[in-house]
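This report concerns only the one structure given below.
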Amino acid sequence: MKIMKYVNMFNRGVSRVQEFLAENGSQPAVFNIDKLTVFEVIVKDANATDLERSCYELRTNLETHGDEYVNMFKRLVFSLKDVDCSANEIQLRVNSARTPHELRMNSARAFMKNILKPAIAMKLVEPLYPDKPHHPKQKYRLTDLGKTMMNMWDKEEKSCNKKD
């Protein structure tokens, strides 16, 4: 890294950045050196709430998987907008008439494995009975993170529609 002039001569750049961020009240910077031609420095806003930081991290994580993956979770989140739903109800809402045929989840097992369980792991959705996953009245609802992501995606879609 030093030969490629990414690091300053006395190796003080990284530690100085971390000191400035600590003085500012920000979280430490994260350095990603996995990219081939550049390295990435991620600095989180000191004024951002933990929820906003979680949204940013989740969004970045989702976008690395591609648009279809993001759209699947958008449909899931918007299907739970104001109601608690069972897994079957969510599947029906996600597989609405507007969903392209190739993206529909026809199998309940595939839906649980590929959409609902990852959404729970990402903390977008939470079960009403977390200690009893097979409870007969099990339903799912949006978490605060899920609601914040929904609002963010909603604003993006409205701004895209204004441009068109």
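Ligands are numbered from 1 in the order shown, chains are lettered A, B, ... in the order of the structure tokens, and residues start at 1 in each chain.
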Segment 146-163 of chain A surroundings by only C-alpha atoms, 8 Å radius, close-in-sequence under 2 positions cut, as a list in words
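Those residues are Leu51, Glu52, Cys55, Lys74, Val77, Phe78, Lys81, Lys123, Leu124, Val125, Leu142, Thr143 and Asp144 of chain A.
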List every residue of segment 23-163 of chain A that DSSP, applied to the backbone, labels as alpha helix (DSSP H), and write the result as a PyMOL selection string.
chain A and resi 23-24+50-63+67-79+87-94+108-111+117-121+144-163
I'd like to know which of A:Met72, A:Leu128, A:Leu116, A:Ala121 is closest to Ser96 of chain A, using only C-alpha atoms.
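Under the stated criterion, the closest residue is A:Met72.
Shortest atom-to-atom contact with Pro127 of chain A among A:Leu145, A:Leu76, A:Val94, A:Cys85: A:Cys85, counting only C-alpha atoms.
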Could you check how far atom CA of Arg141 of chain A sits from atom CA of Lys113 of chain A, in Å to one decimal?
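For atom CA of Arg141 of chain A relative to atom CA of Lys113 of chain A, the distance reads 17.4 Å.
Counting only C-alpha atoms and comparing A:Ile120, A:Leu58, A:Val14, A:Leu92, the residue that lies closest to Arg75 of chain A is A:Leu92.
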Using atom CA of Ile115 of chain A and atom CA of Glu68 of chain A as the two end points, give the distance in Å to one decimal.
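Separating atom CA of Ile115 of chain A from atom CA of Glu68 of chain A is a distance of 11.8 Å.
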